[in-house]
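Participant: Just one file: data-v8.cif, with mmCIF, C-alpha atoms, pLDDT in the B column; chains and numbers go by the auth columns.
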data_query
loop_
_atom_site.group_PDB
_atom_site.id
_atom_site.type_symbol
_atom_site.label_atom_id
_atom_site.label_comp_id
_atom_site.label_asym_id
_atom_site.label_seq_id
_atom_site.Cartn_x
_atom_site.Cartn_y
_atom_site.Cartn_z
_atom_site.B_iso_or_equiv
_atom_site.auth_seq_id
_atom_site.auth_asym_id
ATOM 1 C CA MET A 1 -3.742 -9.956 17.949 79.00 27 A
ATOM 2 C CA LEU A 2 -5.521 -8.424 14.972 81.00 28 A
ATOM 3 C CA HIS A 3 -8.831 -8.176 16.827 86.00 29 A
ATOM 4 C CA ALA A 4 -7.407 -7.423 20.274 90.00 30 A
ATOM 5 C CA SER A 5 -8.316 -3.931 21.418 92.00 31 A
ATOM 6 C CA PRO A 6 -5.411 -1.522 22.059 93.00 32 A
ATOM 7 C CA ALA A 7 -6.611 -1.205 25.664 94.00 33 A
ATOM 8 C CA SER A 8 -5.895 -4.906 26.200 95.00 34 A
ATOM 9 C CA PHE A 9 -2.152 -4.479 25.550 96.00 35 A
ATOM 10 C CA VAL A 10 -0.270 -4.450 28.849 96.00 36 A
ATOM 11 C CA ILE A 11 2.953 -2.448 28.775 95.00 37 A
ATOM 12 C CA LEU A 12 5.717 -4.039 30.832 93.00 38 A
ATOM 13 C CA PRO A 13 8.777 -2.168 32.146 85.00 39 A
ATOM 14 C CA SER A 14 11.497 -3.954 30.175 85.00 40 A
ATOM 15 C CA LEU A 15 12.053 -2.014 26.944 89.00 41 A
ATOM 16 C CA ALA A 16 15.054 -0.341 25.341 92.00 42 A
ATOM 17 C CA LYS A 17 17.142 0.252 22.269 92.00 43 A
ATOM 18 C CA ILE A 18 20.711 -0.753 23.083 93.00 44 A
ATOM 19 C CA VAL A 19 24.120 -1.378 21.539 93.00 45 A
ATOM 20 C CA CYS A 20 25.181 -4.723 22.995 92.00 46 A
ATOM 21 C CA GLU A 21 28.565 -4.779 24.741 93.00 47 A
ATOM 22 C CA PRO A 22 31.322 -6.879 23.061 89.00 48 A
ATOM 23 C CA GLY A 23 30.994 -9.624 25.687 90.00 49 A
ATOM 24 C CA TRP A 24 27.169 -9.595 25.647 92.00 50 A
ATOM 25 C CA LYS A 25 25.192 -12.803 25.508 90.00 51 A
ATOM 26 C CA TRP A 26 21.623 -13.740 26.347 90.00 52 A
ATOM 27 C CA GLN A 27 21.767 -16.722 28.653 87.00 53 A
ATOM 28 C CA LYS A 28 19.127 -19.408 28.387 82.00 54 A
ATOM 29 C CA ARG A 29 16.876 -19.238 31.426 78.00 55 A
ATOM 30 C CA GLU A 30 15.643 -22.190 33.429 80.00 56 A
ATOM 31 C CA LYS A 31 12.097 -20.880 33.204 88.00 57 A
ATOM 32 C CA PRO A 32 10.482 -19.968 29.862 91.00 58 A
ATOM 33 C CA LEU A 33 9.335 -16.458 29.014 91.00 59 A
ATOM 34 C CA GLN A 34 6.257 -15.364 30.905 92.00 60 A
ATOM 35 C CA ASN A 35 5.098 -12.763 28.384 94.00 61 A
ATOM 36 C CA TYR A 36 5.613 -11.484 24.833 96.00 62 A
ATOM 37 C CA ASP A 37 8.949 -9.991 23.768 96.00 63 A
ATOM 38 C CA LEU A 38 9.318 -8.091 20.495 97.00 64 A
ATOM 39 C CA PHE A 39 13.015 -8.351 19.574 97.00 65 A
ATOM 40 C CA TYR A 40 14.338 -6.386 16.572 97.00 66 A
ATOM 41 C CA VAL A 41 17.871 -6.105 15.143 97.00 67 A
ATOM 42 C CA TRP A 42 18.887 -2.684 13.770 95.00 68 A
ATOM 43 C CA SER A 43 22.424 -3.764 12.832 94.00 69 A
ATOM 44 C CA GLY A 44 25.236 -6.174 13.682 95.00 70 A
ATOM 45 C CA GLU A 45 25.618 -9.945 13.446 95.00 71 A
ATOM 46 C CA GLY A 46 24.651 -12.687 15.845 96.00 72 A
ATOM 47 C CA THR A 47 22.827 -15.912 16.545 97.00 73 A
ATOM 48 C CA VAL A 48 19.481 -16.158 18.310 96.00 74 A
ATOM 49 C CA VAL A 49 18.126 -19.491 19.513 95.00 75 A
ATOM 50 C CA ARG A 50 14.412 -20.053 20.044 95.00 76 A
ATOM 51 C CA GLY A 51 13.184 -23.447 21.181 90.00 77 A
ATOM 52 C CA GLY A 52 16.418 -25.108 20.112 91.00 78 A
ATOM 53 C CA GLU A 53 16.357 -23.603 16.590 94.00 79 A
ATOM 54 C CA ALA A 54 19.221 -21.242 15.742 95.00 80 A
ATOM 55 C CA PHE A 55 18.791 -18.158 13.530 97.00 81 A
ATOM 56 C CA GLN A 56 21.636 -16.118 12.046 96.00 82 A
ATOM 57 C CA VAL A 57 20.482 -12.531 12.478 96.00 83 A
ATOM 58 C CA GLY A 58 21.327 -9.104 11.059 94.00 84 A
ATOM 59 C CA LYS A 59 19.556 -5.884 10.138 92.00 85 A
ATOM 60 C CA GLY A 60 15.805 -6.412 9.824 93.00 86 A
ATOM 61 C CA SER A 61 15.696 -9.658 11.815 96.00 87 A
ATOM 62 C CA CYS A 62 12.575 -9.571 13.955 97.00 88 A
ATOM 63 C CA PHE A 63 11.307 -12.035 16.556 98.00 89 A
ATOM 64 C CA LEU A 64 8.069 -12.099 18.456 97.00 90 A
ATOM 65 C CA PHE A 65 8.821 -14.359 21.385 96.00 91 A
ATOM 66 C CA ARG A 66 5.783 -15.593 23.241 95.00 92 A
ATOM 67 C CA PRO A 67 4.957 -17.047 26.644 95.00 93 A
ATOM 68 C CA GLY A 68 6.570 -20.461 26.998 95.00 94 A
ATOM 69 C CA ASP A 69 9.528 -19.766 24.701 95.00 95 A
ATOM 70 C CA HIS A 70 13.075 -20.686 25.714 94.00 96 A
ATOM 71 C CA THR A 71 15.570 -18.248 24.223 95.00 97 A
ATOM 72 C CA SER A 72 19.263 -17.422 24.134 94.00 98 A
ATOM 73 C CA ALA A 73 21.601 -15.348 21.953 95.00 99 A
ATOM 74 C CA THR A 74 25.202 -14.385 21.200 95.00 100 A
ATOM 75 C CA HIS A 75 26.776 -11.936 18.783 95.00 101 A
ATOM 76 C CA ASN A 76 29.933 -11.047 16.888 95.00 102 A
ATOM 77 C CA PRO A 77 31.959 -8.673 19.149 94.00 103 A
ATOM 78 C CA GLN A 78 33.426 -7.030 16.032 94.00 104 A
ATOM 79 C CA LYS A 79 29.914 -6.370 14.723 94.00 105 A
ATOM 80 C CA PRO A 80 27.847 -5.953 17.888 94.00 106 A
ATOM 81 C CA LEU A 81 24.100 -6.218 17.759 95.00 107 A
ATOM 82 C CA VAL A 82 22.026 -3.073 18.051 95.00 108 A
ATOM 83 C CA ILE A 83 18.593 -4.174 19.217 96.00 109 A
ATOM 84 C CA THR A 84 15.248 -2.988 20.455 96.00 110 A
ATOM 85 C CA TYR A 85 13.321 -5.223 22.823 96.00 111 A
ATOM 86 C CA ILE A 86 9.821 -4.606 24.108 96.00 112 A
ATOM 87 C CA HIS A 87 8.145 -6.791 26.710 95.00 113 A
ATOM 88 C CA PHE A 88 4.364 -6.703 26.809 96.00 114 A
ATOM 89 C CA ASP A 89 1.305 -8.827 27.439 96.00 115 A
ATOM 90 C CA VAL A 90 -2.268 -8.979 26.181 95.00 116 A
ATOM 91 C CA ALA A 91 -5.051 -9.054 28.739 94.00 117 A
ATOM 92 C CA GLU A 92 -7.566 -10.828 26.498 91.00 118 A
ATOM 93 C CA GLU A 93 -7.491 -14.055 24.531 89.00 119 A
ATOM 94 C CA VAL A 94 -5.791 -13.654 21.157 88.00 120 A
ATOM 95 C CA THR A 95 -6.402 -15.786 18.084 86.00 121 A
ATOM 96 C CA GLU A 96 -4.060 -14.264 15.491 90.00 122 A
ATOM 97 C CA ILE A 97 -0.425 -14.002 16.550 94.00 123 A
ATOM 98 C CA PRO A 98 2.410 -12.937 14.211 96.00 124 A
ATOM 99 C CA GLU A 99 4.953 -15.579 13.233 95.00 125 A
ATOM 100 C CA PRO A 100 7.852 -15.991 15.684 96.00 126 A
ATOM 101 C CA TYR A 101 10.494 -14.854 13.159 96.00 127 A
ATOM 102 C CA ARG A 102 10.890 -12.962 9.905 93.00 128 A
ATOM 103 C CA VAL A 103 13.395 -10.671 8.196 92.00 129 A
ATOM 104 C CA LEU A 104 11.798 -7.354 7.282 89.00 130 A
ATOM 105 C CA GLY A 105 12.771 -6.102 3.844 78.00 131 A
ATOM 106 C CA GLU A 106 11.311 -2.612 4.235 77.00 132 A
ATOM 107 C CA THR A 107 12.294 -1.382 7.690 85.00 133 A
ATOM 108 C CA VAL A 108 11.724 2.392 7.687 81.00 134 A
ATOM 109 C CA GLU A 109 8.127 2.484 8.924 86.00 135 A
ATOM 110 C CA PHE A 110 8.652 -0.326 11.442 93.00 136 A
ATOM 111 C CA GLU A 111 11.812 1.259 12.858 92.00 137 A
ATOM 112 C CA HIS A 112 10.034 4.606 13.158 90.00 138 A
ATOM 113 C CA MET A 113 7.319 3.012 15.309 93.00 139 A
ATOM 114 C CA LEU A 114 9.887 1.184 17.454 95.00 140 A
ATOM 115 C CA ALA A 115 11.854 4.381 18.040 92.00 141 A
ATOM 116 C CA ARG A 116 8.692 6.308 18.875 92.00 142 A
ATOM 117 C CA TYR A 117 7.610 3.651 21.383 95.00 143 A
ATOM 118 C CA VAL A 118 10.933 3.678 23.243 92.00 144 A
ATOM 119 C CA ARG A 119 11.110 7.499 23.277 91.00 145 A
ATOM 120 C CA LEU A 120 7.694 7.685 24.938 92.00 146 A
ATOM 121 C CA PHE A 121 9.089 6.076 28.071 90.00 147 A
ATOM 122 C CA LEU A 122 12.532 7.707 28.207 85.00 148 A
ATOM 123 C CA VAL A 123 10.895 10.744 29.763 80.00 149 A
ATOM 124 C CA LYS A 124 7.549 11.166 31.452 79.00 150 A
ATOM 125 C CA THR A 125 5.632 11.832 28.243 87.00 151 A
ATOM 126 C CA PHE A 126 2.015 12.816 28.700 93.00 152 A
ATOM 127 C CA ALA A 127 -0.318 9.877 27.902 94.00 153 A
ATOM 128 C CA ALA A 128 2.682 7.647 27.117 94.00 154 A
ATOM 129 C CA GLU A 129 0.906 4.397 28.011 94.00 155 A
ATOM 130 C CA GLU A 130 -2.158 5.246 25.933 95.00 156 A
ATOM 131 C CA GLU A 131 -0.045 6.016 22.877 96.00 157 A
ATOM 132 C CA GLY A 132 2.236 3.064 23.602 95.00 158 A
ATOM 133 C CA ARG A 133 -0.675 0.615 23.455 96.00 159 A
ATOM 134 C CA LEU A 134 -1.739 2.069 20.103 97.00 160 A
ATOM 135 C CA ILE A 135 1.800 1.676 18.732 97.00 161 A
ATOM 136 C CA LEU A 136 2.003 -1.915 19.978 96.00 162 A
ATOM 137 C CA LYS A 137 -1.195 -2.705 18.116 96.00 163 A
ATOM 138 C CA GLN A 138 0.228 -1.064 14.966 96.00 164 A
ATOM 139 C CA LEU A 139 3.433 -3.082 15.285 97.00 165 A
ATOM 140 C CA MET A 140 1.468 -6.315 15.536 97.00 166 A
ATOM 141 C CA ILE A 141 -0.642 -5.399 12.485 95.00 167 A
ATOM 142 C CA HIS A 142 2.545 -4.624 10.565 94.00 168 A
ATOM 143 C CA LEU A 143 3.960 -8.059 11.395 95.00 169 A
ATOM 144 C CA LEU A 144 0.718 -9.855 10.553 94.00 170 A
ATOM 145 C CA ARG A 145 0.609 -8.057 7.202 90.00 171 A
ATOM 146 C CA GLU A 146 4.238 -8.988 6.550 87.00 172 A
ATOM 147 C CA ASP A 147 3.500 -12.626 7.367 88.00 173 A
ATOM 148 C CA ARG A 148 0.730 -12.707 4.760 85.00 174 A
ATOM 149 C CA MET A 149 2.754 -11.252 1.893 73.00 175 A
ATOM 150 C CA GLU A 150 3.698 -13.700 -0.814 61.00 176 A
ATOM 151 C CA PRO A 151 7.423 -13.886 -1.644 59.00 177 A
ATOM 152 C CA VAL A 152 6.896 -12.242 -5.053 51.00 178 A
ATOM 153 C CA GLU A 153 4.806 -9.481 -3.529 49.00 179 A
ATOM 154 C CA ARG A 154 7.472 -8.869 -0.867 56.00 180 A
ATOM 155 C CA SER A 155 10.160 -8.673 -3.543 56.00 181 A
ATOM 156 C CA VAL A 156 8.160 -6.138 -5.546 51.00 182 A
ATOM 157 C CA SER A 157 7.519 -4.148 -2.373 65.00 183 A
ATOM 158 C CA ASN A 158 11.239 -4.030 -1.556 72.00 184 A
ATOM 159 C CA GLN A 159 12.138 -2.931 -5.089 80.00 185 A
ATOM 160 C CA LEU A 160 9.520 -0.189 -4.981 85.00 186 A
ATOM 161 C CA ALA A 161 10.847 1.050 -1.635 85.00 187 A
ATOM 162 C CA GLU A 162 14.350 1.265 -3.096 85.00 188 A
ATOM 163 C CA VAL A 163 13.044 3.332 -6.013 89.00 189 A
ATOM 164 C CA ILE A 164 11.170 5.708 -3.700 91.00 190 A
ATOM 165 C CA HIS A 165 14.202 6.150 -1.453 89.00 191 A
ATOM 166 C CA GLU A 166 16.350 6.879 -4.518 91.00 192 A
ATOM 167 C CA ILE A 167 13.901 9.604 -5.566 93.00 193 A
ATOM 168 C CA ALA A 168 13.820 11.043 -2.028 92.00 194 A
ATOM 169 C CA ASN A 169 17.617 11.099 -1.986 90.00 195 A
ATOM 170 C CA TYR A 170 17.645 12.852 -5.370 92.00 196 A
ATOM 171 C CA VAL A 171 15.329 15.566 -4.019 93.00 197 A
ATOM 172 C CA SER A 172 17.506 16.008 -0.907 90.00 198 A
ATOM 173 C CA GLN A 173 20.655 16.335 -3.026 89.00 199 A
ATOM 174 C CA HIS A 174 19.084 18.888 -5.397 91.00 200 A
ATOM 175 C CA PRO A 175 16.801 21.016 -3.187 92.00 201 A
ATOM 176 C CA GLY A 176 17.062 24.056 -5.471 90.00 202 A
ATOM 177 C CA LEU A 177 15.523 22.361 -8.509 92.00 203 A
ATOM 178 C CA ALA A 178 11.896 22.979 -9.422 92.00 204 A
ATOM 179 C CA HIS A 179 10.763 19.433 -8.670 94.00 205 A
ATOM 180 C CA ARG A 180 7.355 18.483 -10.026 94.00 206 A
ATOM 181 C CA VAL A 181 5.461 15.400 -8.926 95.00 207 A
ATOM 182 C CA GLU A 182 4.952 14.430 -12.568 95.00 208 A
ATOM 183 C CA ASP A 183 8.702 14.536 -13.264 95.00 209 A
ATOM 184 C CA LEU A 184 9.621 12.588 -10.127 95.00 210 A
ATOM 185 C CA ALA A 185 6.940 9.993 -10.871 94.00 211 A
ATOM 186 C CA ALA A 186 8.291 9.596 -14.415 93.00 212 A
ATOM 187 C CA ARG A 187 11.767 9.136 -12.980 91.00 213 A
ATOM 188 C CA ALA A 188 10.362 6.299 -10.853 90.00 214 A
ATOM 189 C CA GLY A 189 8.398 4.831 -13.770 90.00 215 A
ATOM 190 C CA LEU A 190 5.079 5.301 -11.944 89.00 216 A
ATOM 191 C CA SER A 191 1.910 7.285 -12.449 92.00 217 A
ATOM 192 C CA PRO A 192 1.855 10.574 -10.469 93.00 218 A
ATOM 193 C CA ARG A 193 -1.054 9.419 -8.303 93.00 219 A
ATOM 194 C CA TYR A 194 0.445 6.021 -7.418 92.00 220 A
ATOM 195 C CA PHE A 195 3.873 7.587 -6.897 93.00 221 A
ATOM 196 C CA SER A 196 2.410 10.146 -4.463 93.00 222 A
ATOM 197 C CA ILE A 197 0.587 7.447 -2.487 92.00 223 A
ATOM 198 C CA LYS A 198 3.649 5.174 -2.213 90.00 224 A
ATOM 199 C CA PHE A 199 6.006 8.079 -1.485 91.00 225 A
ATOM 200 C CA LYS A 200 3.971 9.118 1.552 89.00 226 A
ATOM 201 C CA GLU A 201 3.512 5.512 2.660 86.00 227 A
ATOM 202 C CA ILE A 202 7.262 4.790 2.539 86.00 228 A
ATOM 203 C CA THR A 203 8.764 8.119 3.669 85.00 229 A
ATOM 204 C CA GLY A 204 5.974 9.283 5.978 85.00 230 A
ATOM 205 C CA SER A 205 5.749 12.610 4.149 88.00 231 A
ATOM 206 C CA SER A 206 3.883 13.885 1.115 93.00 232 A
ATOM 207 C CA VAL A 207 6.006 14.667 -1.947 95.00 233 A
ATOM 208 C CA GLN A 208 5.435 18.411 -1.647 94.00 234 A
ATOM 209 C CA SER A 209 6.203 18.483 2.083 93.00 235 A
ATOM 210 C CA TYR A 210 9.392 16.514 1.491 93.00 236 A
ATOM 211 C CA ILE A 211 10.507 18.951 -1.225 95.00 237 A
ATOM 212 C CA ILE A 212 9.852 21.970 0.994 94.00 238 A
ATOM 213 C CA ARG A 213 11.544 20.401 4.019 92.00 239 A
ATOM 214 C CA SER A 214 14.620 19.586 1.921 92.00 240 A
ATOM 215 C CA ARG A 215 14.813 23.208 0.766 93.00 241 A
ATOM 216 C CA ILE A 216 14.390 24.618 4.251 93.00 242 A
ATOM 217 C CA GLU A 217 17.001 22.271 5.734 91.00 243 A
ATOM 218 C CA ARG A 218 19.444 23.325 3.010 92.00 244 A
ATOM 219 C CA ALA A 219 18.548 26.969 3.610 92.00 245 A
ATOM 220 C CA GLN A 220 19.380 26.606 7.299 90.00 246 A
ATOM 221 C CA HIS A 221 22.779 25.163 6.422 89.00 247 A
ATOM 222 C CA LEU A 222 23.560 27.944 3.937 90.00 248 A
ATOM 223 C CA LEU A 223 22.511 30.668 6.375 88.00 249 A
ATOM 224 C CA LEU A 224 24.548 29.201 9.225 85.00 250 A
ATOM 225 C CA TYR A 225 27.696 28.039 7.506 78.00 251 A
ATOM 226 C CA ALA A 226 28.021 29.464 3.977 80.00 252 A
ATOM 227 C CA GLY A 227 28.058 33.175 4.790 78.00 253 A
ATOM 228 C CA MET A 228 25.153 33.824 2.423 86.00 254 A
ATOM 229 C CA ASN A 229 22.491 36.417 3.152 91.00 255 A
ATOM 230 C CA VAL A 230 18.759 35.728 3.060 92.00 256 A
ATOM 231 C CA THR A 231 18.294 37.005 -0.515 93.00 257 A
ATOM 232 C CA GLU A 232 21.170 34.871 -1.810 92.00 258 A
ATOM 233 C CA VAL A 233 19.848 31.741 -0.097 92.00 259 A
ATOM 234 C CA ALA A 234 16.316 32.270 -1.384 93.00 260 A
ATOM 235 C CA ASP A 235 17.635 32.743 -4.916 92.00 261 A
ATOM 236 C CA ALA A 236 19.896 29.665 -4.682 91.00 262 A
ATOM 237 C CA LEU A 237 16.944 27.491 -3.687 92.00 263 A
ATOM 238 C CA GLY A 238 14.622 28.683 -6.444 90.00 264 A
ATOM 239 C CA TYR A 239 12.474 31.166 -4.516 92.00 265 A
ATOM 240 C CA ARG A 240 11.494 34.194 -6.608 89.00 266 A
ATOM 241 C CA ASP A 241 9.624 35.843 -3.743 91.00 267 A
ATOM 242 C CA ILE A 242 11.812 36.450 -0.681 92.00 268 A
ATOM 243 C CA PHE A 243 8.756 37.168 1.469 93.00 269 A
ATOM 244 C CA PHE A 244 7.223 33.817 0.541 94.00 270 A
ATOM 245 C CA PHE A 245 10.561 32.137 1.334 93.00 271 A
ATOM 246 C CA SER A 246 10.709 33.838 4.745 93.00 272 A
ATOM 247 C CA ARG A 247 7.122 32.887 5.547 93.00 273 A
ATOM 248 C CA GLN A 248 7.669 29.253 4.545 93.00 274 A
ATOM 249 C CA PHE A 249 10.979 29.123 6.430 92.00 275 A
ATOM 250 C CA LYS A 250 9.345 30.355 9.636 91.00 276 A
ATOM 251 C CA GLN A 251 6.429 27.965 9.186 90.00 277 A
ATOM 252 C CA TYR A 252 8.837 25.001 9.187 88.00 278 A
ATOM 253 C CA THR A 253 11.462 26.174 11.702 88.00 279 A
ATOM 254 C CA GLY A 254 9.586 28.555 14.011 89.00 280 A
ATOM 255 C CA LYS A 255 12.132 31.310 13.252 89.00 281 A
ATOM 256 C CA SER A 256 12.679 33.770 10.432 90.00 282 A
ATOM 257 C CA PRO A 257 15.733 33.353 8.159 90.00 283 A
ATOM 258 C CA SER A 258 17.324 36.511 9.602 87.00 284 A
ATOM 259 C CA GLU A 259 16.989 35.112 13.142 85.00 285 A
ATOM 260 C CA ILE A 260 18.756 31.903 12.102 78.00 286 A
ATOM 261 C CA ARG A 261 21.556 33.844 10.407 68.00 287 A
#
Once you've parsed the file, please lay out its structure as structure tokens.

Facilitator:
Amino acid sequence: MLHASPASFVILPSLAKIVCEPGWKWQKREKPLQNYDLFYVWSGEGTVVRGGEAFQVGKGSCFLFRPGDHTSATHNPQKPLVITYIHFDVAEEVTEIPEPYRVLGETVEFEHMLARYVRLFLVKTFAAEEEGRLILKQLMIHLLREDRMEPVERSVSNQLAEVIHEIANYVSQHPGLAHRVEDLAARAGLSPRYFSIKFKEITGSSVQSYIIRSRIERAQHLLLYAGMNVTEVADALGYRDIFFFSRQFKQYTGKSPSEIR
């Protein structure tokens, strides 16, 4: 699917993100699947059978079922599966198809694309099918890339993601500090340039944008629930210029701090 054009992806109507009911099970059908089915587990515990082979699944388990597959599944009612499934087809011949099963170690980017795809079709989003085909192609590239990673490389990638998420969490917990990229990179044990590249790749946001967003989100909370005025909030979050704070706040929220309060 690497060389298939996005226009060749055929979006089929069966797609959703669901929490499976306690008594849920996926019965084996008499006829095999007629198209592709991307099946991803967000959480829970269960067993998925493909072609007679059973897989114990949990968060990050990802299948790409293909035409001709026989499938079935059950789950633990005490830990129900939360899944996304996407049925689709490809209107041209494909030569590179992702492996039928893998467990994704780094799930943030993949889950973001899955959620975006499903949201497109919950309402009548303008150009939903055009964007949906692009996302399907991205999802397939992501899986193909994952399939080609060596075990050591995958382990390093997972460890790096954990470090980046720890840094992002640190920024969110201390929005009033004067965070510098150099200091955060040193905390992660990386060069500033490499840290910035990986931070954006893993979180979807540049370091500076993430810092500002964390401050503005905290500012909203303080204005709404802490009884603090605009000057007090700006000072608490490290802003020396209240006018700059107000301008940045409005840029991110669409409203001035006084309107929020």

Participant: Which residues are close to Arg142 of chain A, i.e. within 12 Å by all atoms listed in the file, leaving aside same-chain residues fewer than 3 positions away? Reply as a PyMOL selection string.

Facilitator: chain A and resi 42-43+110+135-139+145-149+151+154+157-162+164-165

Participant: Would you kindly translate the PyMOL selection byres ((chain A and resi 191-199) around 8) into the concrete residues it picks from this file, as a ChimeraX atom specification?

Facilitator: /A:187-190,200-201,205,210,213-214,229,236-237,240-241

Participant: Restricting the calculation to all atoms listed in the file, which member of A:Tyr220, A:Phe81, A:Phe35, A:Trp68 is positioned closest to Thr100 of chain A?

Facilitator: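 Counting all atoms listed in the file, the residue closest to Thr100 of chain A is A:Phe81.
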
Participant: Output the residue selection produced by the PyMOL selection byres ((chain A and resi 255) around 12) on the file above, formatted as a list in words.

Facilitator: Ala245, Gln246, His247, Leu248, Leu249, Leu250, Tyr251, Ala252, Gly253, Met254, Val256, Thr257, Glu258, Val259, Ala260, Asp261, Ala262, Ile268, Pro283, Ser284, Glu285, Ile286 and Arg287 of chain A

Participant: Might I get the box with edges along x, y and z of the file that holds all atoms of segment 219-226 of chain A listed there, padded by 6 Å on every side, given as centre and edge lengths in Å to one decimal, as AutoDock Vina command-line options?

Facilitator:
--center_x 2.5 --center_y 7.7 --center_z -3.4 --size_x 19.1 --size_y 17.0 --size_z 21.9

Participant: Compare A:Gln53, A:Thr279, A:Asn184, A:Ser231 by their minimum atom-to-atom distance to Thr133 of chain A, counting all atoms listed in the file, and give me the closest one.

Facilitator: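 Closest to Thr133 of chain A of all the choices is A:Asn184.
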
Participant: I'd like the residues picked by the PyMOL selection byres ((chain A and resi 170-173) around 8) written out as JSON, numbers by chain, using the chain letters and numbers from the file.

Facilitator: {"A": [28, 123, 124, 125, 128, 130, 166, 167, 168, 169, 174, 175]}

Participant: What's the separation between atom CA of Gly94 of chain A and atom CA of Glu155 of chain A, in Å to one decimal place?

Facilitator: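 Those two atoms sit 25.5 Å apart.
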
Participant: Please measure the separation of atom CA of Val67 of chain A and atom CA of Glu227 of chain A, giving the value in Å to one decimal.

Facilitator: 22.3 Å

Participant: Which distance in Å separates atom CA of Phe65 of chain A and atom CA of Thr121 of chain A, to one decimal?

Facilitator: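 Separation between atom CA of Phe65 of chain A and atom CA of Thr121 of chain A: 20.8 Å.
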
Participant: Tell me which protein, DNA and RNA residues are within 9 Å of Gln104 of chain A, counting all atoms listed in the file, leaving out same-chain ones fewer than 6 positions away, and put them as a list of chain:residue names.

Facilitator: A:Pro48, A:Gly70, A:Glu71

Participant: Looking at A:Gln82, A:Ser31, A:Asn102, A:Thr97, which one is nearest to Gly49 of chain A, with distances taken over all atoms listed in the file?

Facilitator: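 Of A:Gln82, A:Ser31, A:Asn102, A:Thr97, the one nearest Gly49 of chain A, counting all atoms listed in the file, is A:Asn102.
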
Participant: Calculated over all atoms listed in the file, which of the candidates A:Lys51, A:Phe271, A:Val134, A:Gly72 has the smallest distance to Ile228 of chain A?

Facilitator: A:Val134

Participant: Could segment 78-82 of chain A be completed with all heavy atoms and returned as an mmCIF file, in the coordinates of the input?

Facilitator:
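Saved the output as part-v1.cif:
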data_model
loop_
_atom_site.group_PDB
_atom_site.id
_atom_site.type_symbol
_atom_site.label_atom_id
_atom_site.label_comp_id
_atom_site.auth_asym_id
_atom_site.auth_seq_id
_atom_site.Cartn_x
_atom_site.Cartn_y
_atom_site.Cartn_z
ATOM 1 N N GLY A 78 15.430 -24.202 20.672
ATOM 2 C CA GLY A 78 16.418 -25.108 20.112
ATOM 3 C C GLY A 78 16.770 -24.852 18.666
ATOM 4 O O GLY A 78 17.693 -25.463 18.127
ATOM 5 N N GLU A 79 16.064 -23.933 17.986
ATOM 6 C CA GLU A 79 16.357 -23.603 16.590
ATOM 7 C C GLU A 79 17.179 -22.327 16.528
ATOM 8 O O GLU A 79 16.809 -21.302 17.114
ATOM 9 C CB GLU A 79 15.065 -23.424 15.794
ATOM 10 C CG GLU A 79 15.299 -23.167 14.317
ATOM 11 C CD GLU A 79 14.001 -23.047 13.531
ATOM 12 O OE1 GLU A 79 12.916 -23.118 14.148
ATOM 13 O OE2 GLU A 79 14.076 -22.864 12.298
ATOM 14 N N ALA A 80 18.312 -22.382 15.825
ATOM 15 C CA ALA A 80 19.221 -21.242 15.742
ATOM 16 C C ALA A 80 18.947 -20.414 14.491
ATOM 17 O O ALA A 80 18.723 -20.960 13.405
ATOM 18 C CB ALA A 80 20.666 -21.722 15.752
ATOM 19 N N PHE A 81 18.992 -19.086 14.631
ATOM 20 C CA PHE A 81 18.791 -18.158 13.530
ATOM 21 C C PHE A 81 19.989 -17.211 13.446
ATOM 22 O O PHE A 81 20.357 -16.598 14.458
ATOM 23 C CB PHE A 81 17.514 -17.333 13.735
ATOM 24 C CG PHE A 81 16.253 -18.142 13.837
ATOM 25 C CD1 PHE A 81 15.845 -18.661 15.068
ATOM 26 C CD2 PHE A 81 15.471 -18.380 12.724
ATOM 27 C CE1 PHE A 81 14.680 -19.401 15.174
ATOM 28 C CE2 PHE A 81 14.296 -19.121 12.817
ATOM 29 C CZ PHE A 81 13.904 -19.643 14.047
ATOM 30 N N GLN A 82 20.593 -17.112 12.266
ATOM 31 C CA GLN A 82 21.636 -16.118 12.046
ATOM 32 C C GLN A 82 20.945 -14.783 11.766
ATOM 33 O O GLN A 82 20.139 -14.687 10.835
ATOM 34 C CB GLN A 82 22.530 -16.520 10.876
ATOM 35 C CG GLN A 82 23.232 -17.864 11.066
ATOM 36 C CD GLN A 82 24.065 -17.919 12.329
ATOM 37 O OE1 GLN A 82 24.881 -17.025 12.589
ATOM 38 N NE2 GLN A 82 23.855 -18.960 13.113
#
